[in-house]
Every structure is written in structure tokens, then in C-alpha cells.
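> My structure is below; once you've seen it, I'll send some questions.
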Amino acid sequence: MDLATILQLFDSSLRLATPLLFACLAGLFSERAGIFDIGLEGKILASAFAAGAFAAVTGSAMLGLCAGLVASIMMSLIHGLASITFQGNQIISGVAINFLASGLTALIGQNWFHQGGQTPPLSGSGRFQSLTWPLAEKLNSLPVIGPIYKELISGHNILVYVALLCVPVTWWVLFRTRFGLRLRAVGENPGAVDTAGISVTRLRYQAVIICGILCGLAGVYLSTAMAAGFGREMSAGRGFIALAALIFAKWKPVPALFTCLLFGFLEAVAIRYQSIDLGFGTVPVQFMQALPYILTVVILAGFVGKAIPPKAGGRPYVKER
Amino acid sequence: MKLTHIIAGAVAAFGAATAALADPAIIYDLGGKFDKSFNEAAFNGATKWAEETGGSFDDFEMQNEAQREQALRRFAARGSNPIVVTGFAFGDALASVAAEFPDTNFAIIDMVVDQPNVRSVVFNEHEGSYLVGMMAAMASKSGTVGFVGGMDIPLISKFACGYVQGAKAANADVNVLQNMTGSDPSAWNDPVKGGEITKAQVDQGADVVYHAAGGTGRGVLQAAADAGILGIGVDSNQNHLFPGSVLTSMLKRVDVAVYNAFTDGTSDNFETGFNILGLKEGGVGYALDENNESLVSAEMLDAVNAAAEKIKSGELAVHDYTSDSACPVM
């Protein structure tokens, strides 16, 4: 395996990891504040649809982005309303969000565009184009560093860089700001936060909205950057893989980055090496395609160690009277 | 008790009445009616029939596997006749439903169901794929061409095998990359993954990529156009999707099969049994129109047409993967 092949694999991993990373960080904010969210998948789907539809109608990827964020935040607020204000079961509300998004996108898409739930294909300014960094061609002649710069660092669309940037920002917000401290506290011991005179409800709503924004970015990336247009069920389980990544990363932003890259890498390997010839026989394609999921189970069961979720997670906060 | 009898009688009478005024029906496979490929071709055939005869037809797009037999039985119970199903995956469901409704005519595309009231339409996809394989190898400058299949089933290997044979016939040294999208029916409708597979093939040097992947193919052709290489469409004529970036399309005249089934079925002229549509019968071929004229050279056309004549006359036999589950060139 030469350098070019390795770089192409990493390049592909980065593209595939981006939506996972957005969704994983979204879940991180929400769960750190004590709101379990298995509705990530639904939010990604809703946002992918809104972004694809508005980008197709207006021809502008930025307007698509705005629409995607709005759709995802709306879904988040429904989850917030059910689980914070009405103190409902967060798992049930999350499942409802997933079903709602799956049904609504197909229904609205069919009635709007009459193409079986797809949106029309996007082209030109309707998509986020890949950015070529300065000097990429010139530096290419340098050994090792040149190709790394050209293949791996340059040539992605803006959302990939935004996702990577979100990791240090998330770390800084959570661990170095007053807001982050309170957010973590509200997921561990909301009673203490309340005693200090800070509104638990308000903090949790803020967390849920941030979760909506990040999920929205994941969806926008799927329909307007990675693909060109929305297709039915295009989130394809990424929200759930992101949840697995979140547990694997133990609810911490930097490990989340590496976990998502690992899952992206496994998918990239499965795509590129469909039947590996081992000399005495070939590994069947089905095995390679199941590999990311098999490894998810193995990793979660054996190697993750003890993953302790935020203590107050999943429980609505009820003030003692 | 009496009341139930009356209702049952009324329902039976109503059922008989609707059966007499039967409309044909069609059920699409999971790629969806507007996959710009296989199912859309079926839809176009049905639409053509409706426009020409002024008739109407019922259709159904499945959302999941569980609806396959359910939808089929529901159409049959409502008295639709004939009922066309598109896709090999309907085989088992149709075998049981066709036996339950012996007076209803069924047609299935891409699969053989041995029942007295079923017409099984299969295509010689390997012949059409052979022709586009030749064009791919001749259009390729890098000497590497790609194939992206949908679900990993023998039918798709049949496309792949024909394609490789054609490519090797035009250029014996050609390198053919092959990938399947997945091993379950969702592989027919996953353009994101299709695009990523295509990017991986482009990274490995492919500059012409042929897809046989239904709705997933939209992502394949998109990624090919983005990377500035050539794609090859399948089933429907997909040249117009990315003009200048689609070398040609392997036409599989699913539309003709559906049109014929509807026409025969509504005029009591429905022949059941085995129906093979190959190059000779005009069932498969390649697409040439104003969108790809400039991409296809005269030299390519000559070679492809010569090969087509040989296949039609039987002088050249393209190996069919499904006949022995093996491909001599792979």
C-alpha cells in the first residue's frame, strides 16, 4: 500500500466522518445537559430534506443551510418541549422525532416535487463546492508533505472544516466557560444548579438548541455537500452510529473526533476493499460491509471500558415543592 | 347472521363489478418510481400506455420489504388486472399470490416465476453491457474503467460480467474496478454511498464508470460529473442527467415490457410464460442522442455496431453470468 492509497483512504474517511462528527457533538451537548437524544437521526433527516429542498428552489446553498438549521432546531424544540417542559420520557420523544422526520420528509417531498420524495438534483451554487487551498498544486512536488497537503488538507468543502473546528470550540465551551460548567452541572446534578439560582429549564433548552444546530449541519452536509439533493431516508442510520461513537468517546469532544474518524475510516475501507484476496481465499463483500457494525459491537462491548453517562441523564427535572 | 350474509354478498358483488372494470396495476421496487433508471422506465412504459389508450392504472411505491406481498395481494384482491411487478425481489411474493388468484394475470420483470398466469420477462443485460463495456474501454485514456453495482445479486453480476467482457474485447489490457453498493435492497437507493464508491474508483484511476444500481446511480453519475470523468447510465436513457459527462446509457427496455403487458392484459391477449428480450429483440441496447454525440467517436460506433451485429447473428456469444454463476474474465 503506497502513500497515495493511504491518503485517498484518509481523505475518504474524513468525508464520511464529517456528518458523524456533527451529530456526535450534537448528542454531546444534549446529553451533557441531561437530555438523552436518540432523535439525532430524525433531525439529520429533516435538515437534509429542508436544505435539499430550499437549495433546489432558490439555487443557493446558503439559503439551504439556513432552512436545514431551522428544520433541525424545530425538531429539537419539539423534543425539548416534550422532555423538558412536559417532563416526558426522553427516549419515547426521540423515537417519535425519528418517525416524524421519516414520514414528513417523504410526504412533503412527494407533494412538493412529485419525484417520489426526492428533491431535484442540485448543481452549481446550490451545493457547497470543495475549496482548493492556496499553493496546493505548487507544493505537490514536495515529497510526502506536498501530497498530504493537496489530498488530505485541501480540497474539501467548507463544512468539513467547520466540523473539525467544532471540536476545539466544543471543548472550550464545555470546559472553559461558565456556560459550559453550568451545562455539565445540569446533567450531573440539576438540583445543585437550581439551588444556585440558575434556571435548569433555560439551560437545558439552550443545550437542545445547540444540538439542533449541529444536527442541522450534519443534514445540510449530506444533501448539499456530499450528495446533490435529498433522497428518501438518506441519513441511513448515521444518527445512531453517532450515538455509538458518543458512548465510545465517553461524552468528551476530542475522543469524539477520533471515534468518528475511526468509524469513517472503517466505512472507507469497506467501500474501497470489497473483496480482499488473502491468497487462500477471498473475504466476501458482505463481511467487509458488515465490518464497521461488527467492530462497533466489539469495541462497545470489550474495549470501551466503563462508560458512565451524565448522572441526571434521561430524567426530567422536577423541582421539589 | 343474516345481515353479515347480505354484507358479504354485497362485497362479493362489488368485488366482481370492479374486477370487470379492471385497471392494470404496477408495483415498483424499492429504488422508487423516480429513480431515473429501472423503475422510472417501468413508469414511463405505463404512462405511455395510459396516454395512448386513455386508460388509467394504479401504481404503488413500496416503503419497505414488508409491503411487497401485502401490496401485491391487495391489488389482486381489488381486481386489478394485469398486475406488473418490477424487480427480481418480487419472485417469492408473486409465486404465492399468483397461485391464490388464478384468474388474474401477472407479469414480473427480471425474474422467472413458474405459474400458469405469470409472464416472466427477463433481459439479456449482458449483451447491452458488453456494448457499453467496449465503449468505456475505448473512451478511457487511463486504461482503467469502473463498475458500480447496486445490490450484490447474480443479476448485477450479469451486468458486470458482460461489461468486463466488452471492455476486454476492445482493449485486452484494460483494468476494470468493480464495487457493489451493498447486500440488502437499500443498496438500490443510496446515492451518497454510490458517490463515495465512485470517488474511490476515480482515486484508483478509473475515468469511465458504469453503474447498474438504480437510484444509487444518481450519486455515481453525479460524482463522475464532479470529477470530470465519464459515467455510463443504465436502464433508462440517462444521458440528459449530466450532458457531456455521460458517455452513453445501457438501455433496458423495461418500458416496452410494461407497455406490452398492459396492452396485452387489457385486450385479453395475455401470453404467459417465459419472455427473453435481448439485443436481437430490441430489448437492450445503448443510447445515442444530442447529449452524448460529441463523446462517442465514429470509431467507437463502428466497433460497437459491428459487435452488435455479431451478437444478433449469434456469431458472438456473450457469457451470461447467471447461467453458471461464474464469469470467465473476472
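Going through the C-alpha cells in order, the chains are called A, B, and so on, while each chain numbers its residues from 1 and the ligands are numbered from 1 in the order shown.
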At a cut-off of 7 Å, which residues of chain B touch chain A? Count only C-alpha atoms and give the answer as a list in words.
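Listed by rising number, the hits are Gly32, Lys33, Phe34, Asn179, Ser183, Asp190, Pro191, Val192, Ile197, Ala200, Asp203 and Gly219 of chain B.
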> Do a neighbour search on range 173-188 of chain A at 6 Å with only C-alpha atoms, toss out local chain neighbours closer than 2 positions, and write the hits as a list in words.
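The residues that qualify are Arg32, Ala33, Gly34, Thr170, Trp171, Pro190, Pro310, Lys311, Ala312 and Gly313 of chain A.
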> Store the residues picked out above in a file with C-alpha atoms, as a compact mmCIF listing (two decimals), in the first residue's frame.

# COMPACT_ATOMS: atom_id res chain seq x y z
CA ARG A 32 -24.17 16.53 28.88
CA ALA A 33 -27.13 18.67 29.86
CA GLY A 34 -29.11 15.61 30.88
CA THR A 170 -16.94 22.42 21.92
CA TRP A 171 -14.09 21.60 24.28
CA PRO A 190 -29.66 19.74 38.37
CA PRO A 310 -24.10 12.02 32.83
CA LYS A 311 -25.78 11.17 36.11
CA ALA A 312 -29.01 13.07 35.61
CA GLY A 313 -29.35 11.97 32.00
> So which residues touch range 21-23 of chain A within 7 Å, counting only C-alpha atoms, skipping near sequence neighbours fewer than 3 positions away, as a PyMOL selection string?
chain A and resi 17-18+26-27+40+163+214-215+217-218+239+242+257+260
> Can you list, as a PyMOL selection string, all residues belonging to range 137-232 of chain A that DSSP tags as alpha helix (DSSP H)?
chain A and resi 137-139+145-147+158-176+178-188+190-195+200-221
> Could you state the separation of CA of Ala89 in chain B and CA of Val113 in chain B in Å, given to one decimal place?
11.2 Å
> Show me, as a list of chain:residue names, the residues that have an atom within 12 Å of Glu100 in chain B when counting only C-alpha atoms, minus same-chain residues fewer than 5 positions from it.
B:Glu69, B:Leu72, B:Arg73, B:Arg74, B:Ala76, B:Ala77, B:Ala93, B:Leu94, B:Ala95, B:Asn105, B:Phe106, B:Gln115, B:Pro116, B:Asn117
> Go ahead and write the selection's residues with N, CA and C atoms as a PDB file, in the first residue's frame.

ATOM      1  N   GLU B  69     -45.497  -8.346  -0.462  1.00  0.00           N
ATOM      2  CA  GLU B  69     -46.578  -9.296  -0.693  1.00  0.00           C
ATOM      3  C   GLU B  69     -47.931  -8.660  -0.399  1.00  0.00           C
ATOM      4  N   LEU B  72     -49.108  -6.570  -3.308  1.00  0.00           N
ATOM      5  CA  LEU B  72     -49.448  -7.448  -4.422  1.00  0.00           C
ATOM      6  C   LEU B  72     -50.815  -8.082  -4.193  1.00  0.00           C
ATOM      7  N   ARG B  73     -51.010  -8.575  -2.976  1.00  0.00           N
ATOM      8  CA  ARG B  73     -52.273  -9.241  -2.660  1.00  0.00           C
ATOM      9  C   ARG B  73     -53.418  -8.234  -2.677  1.00  0.00           C
ATOM     10  N   ARG B  74     -53.147  -7.034  -2.206  1.00  0.00           N
ATOM     11  CA  ARG B  74     -54.195  -6.021  -2.165  1.00  0.00           C
ATOM     12  C   ARG B  74     -54.648  -5.645  -3.573  1.00  0.00           C
ATOM     13  N   ALA B  76     -54.406  -7.501  -6.215  1.00  0.00           N
ATOM     14  CA  ALA B  76     -55.088  -8.658  -6.785  1.00  0.00           C
ATOM     15  C   ALA B  76     -56.501  -8.763  -6.228  1.00  0.00           C
ATOM     16  N   ALA B  77     -56.664  -8.539  -4.919  1.00  0.00           N
ATOM     17  CA  ALA B  77     -57.969  -8.645  -4.288  1.00  0.00           C
ATOM     18  C   ALA B  77     -58.906  -7.551  -4.784  1.00  0.00           C
ATOM     19  N   ALA B  93     -42.880 -13.523  -3.413  1.00  0.00           N
ATOM     20  CA  ALA B  93     -44.200 -12.988  -3.108  1.00  0.00           C
ATOM     21  C   ALA B  93     -45.155 -13.301  -4.251  1.00  0.00           C
ATOM     22  N   LEU B  94     -44.684 -13.131  -5.481  1.00  0.00           N
ATOM     23  CA  LEU B  94     -45.556 -13.352  -6.631  1.00  0.00           C
ATOM     24  C   LEU B  94     -45.926 -14.827  -6.757  1.00  0.00           C
ATOM     25  N   ALA B  95     -44.987 -15.714  -6.466  1.00  0.00           N
ATOM     26  CA  ALA B  95     -45.268 -17.137  -6.595  1.00  0.00           C
ATOM     27  C   ALA B  95     -46.446 -17.533  -5.715  1.00  0.00           C
ATOM     28  N   ASN B 105     -53.959 -11.947 -14.273  1.00  0.00           N
ATOM     29  CA  ASN B 105     -52.698 -12.061 -14.995  1.00  0.00           C
ATOM     30  C   ASN B 105     -51.617 -11.230 -14.322  1.00  0.00           C
ATOM     31  N   PHE B 106     -50.431 -11.820 -14.219  1.00  0.00           N
ATOM     32  CA  PHE B 106     -49.307 -11.113 -13.616  1.00  0.00           C
ATOM     33  C   PHE B 106     -48.150 -11.079 -14.597  1.00  0.00           C
ATOM     34  N   GLN B 115     -45.621 -20.029 -12.984  1.00  0.00           N
ATOM     35  CA  GLN B 115     -47.045 -20.199 -12.681  1.00  0.00           C
ATOM     36  C   GLN B 115     -47.801 -19.993 -13.984  1.00  0.00           C
ATOM     37  N   PRO B 116     -48.960 -20.652 -14.131  1.00  0.00           N
ATOM     38  CA  PRO B 116     -49.663 -20.567 -15.415  1.00  0.00           C
ATOM     39  C   PRO B 116     -50.179 -19.162 -15.751  1.00  0.00           C
ATOM     40  N   ASN B 117     -50.327 -18.295 -14.742  1.00  0.00           N
ATOM     41  CA  ASN B 117     -50.873 -16.973 -15.034  1.00  0.00           C
ATOM     42  C   ASN B 117     -49.817 -15.868 -14.928  1.00  0.00           C
TER      43      ASN B 117
END
> For range 294-307 of chain A, find every residue with an atom within 8 Å (counting only C-alpha atoms), except residues of its own chain fewer than 4 positions away, and show them as a ChimeraX atom specification.
/A:244,247-248,250,290
> CA of Gly278 in chain B and CA of Asp35 in chain B are how many Å apart?
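Straight-line distance from CA of Gly278 in chain B to CA of Asp35 in chain B works out to 23.0 Å.
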> What is the distance between CA of Ser13 in chain A and CA of Ile145 in chain A, in Å to one decimal?
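One can read the CA of Ser13 in chain A to CA of Ile145 in chain A distance as 18.9 Å.
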> Do a neighbour search on Thr47 in chain B at 9 Å with only C-alpha atoms, toss out local chain neighbours closer than 3 positions, and write the hits as a VMD selection string.
chain B and resid 42 to 44 50 to 52 56 to 57 259
> Deliver the residues from the most recent selection as a file, using N, CA and C atoms, as a JSON list (two decimals), in the first residue's frame.

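Result file again.json:
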[["chain", "number", "residue", "atom", "x", "y", "z"],
["B", 42, "ALA", "N", -40.12, 1.67, -16.08],
["B", 42, "ALA", "CA", -41.39, 0.97, -15.95],
["B", 42, "ALA", "C", -42.54, 1.96, -15.90],
["B", 43, "PHE", "N", -42.34, 3.02, -15.13],
["B", 43, "PHE", "CA", -43.36, 4.06, -15.01],
["B", 43, "PHE", "C", -43.62, 4.71, -16.37],
["B", 44, "ASN", "N", -42.54, 4.96, -17.13],
["B", 44, "ASN", "CA", -42.71, 5.58, -18.44],
["B", 44, "ASN", "C", -43.50, 4.69, -19.38],
["B", 50, "ALA", "N", -51.09, 4.57, -20.84],
["B", 50, "ALA", "CA", -52.24, 5.36, -20.40],
["B", 50, "ALA", "C", -52.53, 6.50, -21.38],
["B", 51, "GLU", "N", -51.47, 7.12, -21.90],
["B", 51, "GLU", "CA", -51.68, 8.23, -22.83],
["B", 51, "GLU", "C", -52.27, 7.74, -24.15],
["B", 52, "GLU", "N", -51.80, 6.59, -24.60],
["B", 52, "GLU", "CA", -52.27, 6.10, -25.90],
["B", 52, "GLU", "C", -53.68, 5.57, -25.85],
["B", 56, "SER", "N", -56.48, 4.25, -17.36],
["B", 56, "SER", "CA", -55.74, 4.66, -16.17],
["B", 56, "SER", "C", -55.21, 3.41, -15.49],
["B", 57, "PHE", "N", -54.18, 3.61, -14.70],
["B", 57, "PHE", "CA", -53.60, 2.47, -14.00],
["B", 57, "PHE", "C", -53.31, 2.85, -12.56],
["B", 259, "TYR", "N", -45.35, -1.75, -21.13],
["B", 259, "TYR", "CA", -46.35, -1.33, -22.12],
["B", 259, "TYR", "C", -47.02, -2.55, -22.75]]
> Could you give me, as a PyMOL selection string, the residues within 7 Å of Ala50 in chain A, counting only C-alpha atoms and dropping anything in the same chain fewer than 4 positions from it?
chain A and resi 46+54+64+67-68+71
> Which is closer to Ile148 in chain A than all the others in A:Glu320, A:Phe10, A:Pro309, A:Leu246, using only C-alpha atoms?
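When distances to Ile148 in chain A are compared using only C-alpha atoms, the smallest one comes from A:Phe10.
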